Amino acid sequence: MDAVRERLVNGPDLRQRALSYGAWGALGLAFILGLWRTGFFDFSMIATGLGKLGTVLAFMLPPAAHGYFGEFALAIAQTLGMAFLGTLLASLAAVPLGFLGAKNVIPQWAFHFGLRRVFDTVRGVDVLIWALIFINVVGLGPFAGILAIAVSDTGVLAKLFAEAIENVDRKQVEGVRATGANRVQVMRFGILPQVLPVMLSNSLYYFESNTRSATILGIVGAGGIGLQLSDRIRVNNWDEACFIILMILVTVSLIDMLSRTIRMRIINNPDYRP
């Protein structure tokens, strides 16, 4: 007790302070070294880059569609379709995988460990890489983007669903089991009503996130508005590129607002039932 009281009064000893200052100093030095190695302190390069950026911005203004608004709108709809269908497929696949990956549903350690590693492997590959793979498998177009989003999000959503299922209230599950329900009925009436709002909330969040991801997928050949943007940048049609960027910003903002509204209603509604 005397040692603890002395430490509280006098604070950390000199050795601990030296270690703390040394760790923070090493971190700061590594940070500065990283900036230097990436050319952050090359002010001539930065000045040249800012000049080029100013030139590009000048070409962007004012934004114009030049009669391609209908084509851009169709590409935006294609991008939204990619995000929606990819997220829907991932959510549908993640529900049974989430139950299989939950410890309180499948208690076998080896099966649980192996399935979780599969989830880690699937979600460890970025959606852009999946898009490049599926473009070589099914060809250019939105179908490759849908598959890329579906596969990538399946690993993430399955992990999130499994963790939500593992944290359910056991009393409700035991109450359903006490009525003589079988395992499927226990999952349907004891577990699913508790986790469905969380599942829907996560799916909606990833839908709005995938709306942005689908734009990037189009740049690598998966179709949608990203392909239109890539084509305009490639031929230096910066005013049309700016118009497309503004359309993307408006679309993503609307999707974010709608998704957030639906998600909040689901989360804040205690009487919600499947």
# chains A, B, ... in the order shown; residues from 1 in each chain; ligands from 1
>>> closest_atom_pairs(of="range 24-102 of chain A", to="range 191-212 of chain A", cutoff="7 Å", atoms="only C-alpha atoms", output="Markdown table")
| residue | atom | partner | partner_atom | distance |
| --- | --- | --- | --- | --- |
| A:Thr79 | CA | A:Thr211 | CA | 6.9 |
| A:Leu80 | CA | A:Thr211 | CA | 6.1 |
| A:Ala83 | CA | A:Asn210 | CA | 5.1 |
| A:Phe84 | CA | A:Phe207 | CA | 6.2 |
| A:Thr87 | CA | A:Phe207 | CA | 5.7 |
| A:Ser91 | CA | A:Ser203 | CA | 6.4 |
>>> write_last_selection(atoms="all heavy atoms", output="PDB file, in the first residue's frame")
ATOM      1  N   THR A  79     -25.283   1.801 -61.573  1.00  0.00           N
ATOM      2  CA  THR A  79     -24.435   1.740 -60.384  1.00  0.00           C
ATOM      3  C   THR A  79     -25.253   1.415 -59.141  1.00  0.00           C
ATOM      4  O   THR A  79     -24.844   0.595 -58.304  1.00  0.00           O
ATOM      5  CB  THR A  79     -23.699   3.081 -60.189  1.00  0.00           C
ATOM      6  OG1 THR A  79     -22.856   3.319 -61.322  1.00  0.00           O
ATOM      7  CG2 THR A  79     -22.856   3.065 -58.935  1.00  0.00           C
ATOM      8  N   LEU A  80     -26.426   2.056 -58.999  1.00  0.00           N
ATOM      9  CA  LEU A  80     -27.298   1.764 -57.858  1.00  0.00           C
ATOM     10  C   LEU A  80     -27.773   0.316 -57.904  1.00  0.00           C
ATOM     11  O   LEU A  80     -27.882  -0.346 -56.866  1.00  0.00           O
ATOM     12  CB  LEU A  80     -28.491   2.718 -57.863  1.00  0.00           C
ATOM     13  CG  LEU A  80     -28.191   4.184 -57.526  1.00  0.00           C
ATOM     14  CD1 LEU A  80     -29.460   5.021 -57.664  1.00  0.00           C
ATOM     15  CD2 LEU A  80     -27.654   4.298 -56.113  1.00  0.00           C
ATOM     16  N   ALA A  83     -24.989  -1.900 -56.622  1.00  0.00           N
ATOM     17  CA  ALA A  83     -24.851  -1.830 -55.173  1.00  0.00           C
ATOM     18  C   ALA A  83     -25.996  -2.557 -54.478  1.00  0.00           C
ATOM     19  O   ALA A  83     -25.782  -3.303 -53.509  1.00  0.00           O
ATOM     20  CB  ALA A  83     -24.810  -0.367 -54.732  1.00  0.00           C
ATOM     21  N   PHE A  84     -27.220  -2.363 -54.966  1.00  0.00           N
ATOM     22  CA  PHE A  84     -28.384  -2.978 -54.321  1.00  0.00           C
ATOM     23  C   PHE A  84     -28.367  -4.499 -54.455  1.00  0.00           C
ATOM     24  O   PHE A  84     -28.523  -5.228 -53.468  1.00  0.00           O
ATOM     25  CB  PHE A  84     -29.671  -2.411 -54.919  1.00  0.00           C
ATOM     26  CG  PHE A  84     -30.912  -3.052 -54.367  1.00  0.00           C
ATOM     27  CD1 PHE A  84     -31.379  -2.719 -53.112  1.00  0.00           C
ATOM     28  CD2 PHE A  84     -31.615  -3.992 -55.111  1.00  0.00           C
ATOM     29  CE1 PHE A  84     -32.523  -3.323 -52.598  1.00  0.00           C
ATOM     30  CE2 PHE A  84     -32.750  -4.593 -54.616  1.00  0.00           C
ATOM     31  CZ  PHE A  84     -33.209  -4.255 -53.352  1.00  0.00           C
ATOM     32  N   THR A  87     -25.443  -6.080 -52.477  1.00  0.00           N
ATOM     33  CA  THR A  87     -25.699  -6.081 -51.042  1.00  0.00           C
ATOM     34  C   THR A  87     -26.795  -7.065 -50.687  1.00  0.00           C
ATOM     35  O   THR A  87     -26.722  -7.761 -49.658  1.00  0.00           O
ATOM     36  CB  THR A  87     -26.086  -4.673 -50.565  1.00  0.00           C
ATOM     37  OG1 THR A  87     -25.104  -3.729 -50.991  1.00  0.00           O
ATOM     38  CG2 THR A  87     -26.196  -4.616 -49.057  1.00  0.00           C
ATOM     39  N   SER A  91     -26.336 -10.170 -48.186  1.00  0.00           N
ATOM     40  CA  SER A  91     -27.138 -10.260 -46.964  1.00  0.00           C
ATOM     41  C   SER A  91     -27.855 -11.598 -46.871  1.00  0.00           C
ATOM     42  O   SER A  91     -27.904 -12.227 -45.802  1.00  0.00           O
ATOM     43  CB  SER A  91     -28.145  -9.111 -46.917  1.00  0.00           C
ATOM     44  OG  SER A  91     -27.491  -7.862 -46.924  1.00  0.00           O
TER      45      SER A  91
END
>>> select_by_dssp(residues="range 95-188 of chain A", states="alpha helix (DSSP H)", output="PyMOL selection string")
chain A and resi 95-100+109-124+127-138+142-166+170-178+183-186
>>> closest_residue(among="A:Ile165, A:Leu14, A:Met82, A:Leu35", to="Ile225 in chain A", atoms="only C-alpha atoms")
A:Met82
>>> atom_distance(atom1="CA of Cys242 in chain A", atom2="CA of Leu74 in chain A")
17.1 Å
>>> closest_residue(among="A:Gly223, A:Gly101, A:Pro96, A:Pro142", to="Glu166 in chain A", atoms="only C-alpha atoms")
A:Gly101
>>> residues_around(residues="Phe72 in chain A", least_positions_apart="2", cutoff="8 Å", atoms="only C-alpha atoms", output="PDB file with N, CA, C and O atoms, in the first residue's frame")
ATOM      1  N   TYR A  68     -25.325  14.443 -72.820  1.00  0.00           N
ATOM      2  CA  TYR A  68     -25.181  13.064 -72.352  1.00  0.00           C
ATOM      3  C   TYR A  68     -25.883  12.818 -71.016  1.00  0.00           C
ATOM      4  O   TYR A  68     -25.609  11.804 -70.364  1.00  0.00           O
ATOM      5  N   PHE A  69     -26.775  13.714 -70.600  1.00  0.00           N
ATOM      6  CA  PHE A  69     -27.397  13.557 -69.279  1.00  0.00           C
ATOM      7  C   PHE A  69     -28.168  12.243 -69.184  1.00  0.00           C
ATOM      8  O   PHE A  69     -28.114  11.559 -68.147  1.00  0.00           O
ATOM      9  N   GLY A  70     -28.899  11.880 -70.209  1.00  0.00           N
ATOM     10  CA  GLY A  70     -29.645  10.620 -70.182  1.00  0.00           C
ATOM     11  C   GLY A  70     -28.722   9.426 -70.031  1.00  0.00           C
ATOM     12  O   GLY A  70     -29.018   8.479 -69.283  1.00  0.00           O
ATOM     13  N   LEU A  74     -28.642   6.920 -66.791  1.00  0.00           N
ATOM     14  CA  LEU A  74     -28.740   5.460 -66.926  1.00  0.00           C
ATOM     15  C   LEU A  74     -27.558   4.776 -66.245  1.00  0.00           C
ATOM     16  O   LEU A  74     -27.715   3.725 -65.595  1.00  0.00           O
ATOM     17  N   ALA A  75     -26.374   5.360 -66.365  1.00  0.00           N
ATOM     18  CA  ALA A  75     -25.197   4.788 -65.712  1.00  0.00           C
ATOM     19  C   ALA A  75     -25.307   4.878 -64.188  1.00  0.00           C
ATOM     20  O   ALA A  75     -24.895   3.953 -63.474  1.00  0.00           O
ATOM     21  N   ILE A  76     -25.879   5.979 -63.690  1.00  0.00           N
ATOM     22  CA  ILE A  76     -26.107   6.099 -62.245  1.00  0.00           C
ATOM     23  C   ILE A  76     -27.069   5.013 -61.777  1.00  0.00           C
ATOM     24  O   ILE A  76     -26.862   4.362 -60.731  1.00  0.00           O
ATOM     25  N   ILE A 225     -21.575   4.278 -63.625  1.00  0.00           N
ATOM     26  CA  ILE A 225     -21.132   5.654 -63.802  1.00  0.00           C
ATOM     27  C   ILE A 225     -19.615   5.761 -63.718  1.00  0.00           C
ATOM     28  O   ILE A 225     -19.018   6.689 -64.283  1.00  0.00           O
ATOM     29  N   GLN A 228     -18.182   5.722 -67.174  1.00  0.00           N
ATOM     30  CA  GLN A 228     -18.358   7.006 -67.854  1.00  0.00           C
ATOM     31  C   GLN A 228     -17.344   8.032 -67.349  1.00  0.00           C
ATOM     32  O   GLN A 228     -16.763   8.785 -68.149  1.00  0.00           O
ATOM     33  N   ILE A 244     -20.317  14.617 -63.894  1.00  0.00           N
ATOM     34  CA  ILE A 244     -20.523  13.254 -63.393  1.00  0.00           C
ATOM     35  C   ILE A 244     -20.225  13.176 -61.901  1.00  0.00           C
ATOM     36  O   ILE A 244     -20.952  12.535 -61.134  1.00  0.00           O
TER      37      ILE A 244
END
>>> atom_distance(atom1="CA of Trp130 in chain A", atom2="CA of Ser152 in chain A")
7.3 Å
>>> atom_distance(atom1="CA of Phe113 in chain A", atom2="CA of Leu157 in chain A")
16.9 Å
>>> closest_residue(among="A:Ala47, A:Val95, A:Leu100, A:Ile146", to="Ala214 in chain A", atoms="only C-alpha atoms")
A:Ile146
>>> closest_residue(among="A:Leu29, A:Leu229, A:Leu50, A:Ala148", to="Glu71 in chain A", atoms="only C-alpha atoms")
A:Leu229
>>> residues_around(residues="range 57-64 of chain A", least_positions_apart="5", cutoff="10 Å", atoms="only C-alpha atoms", output="PyMOL selection string")
chain A and resi 51-52+69+236-246
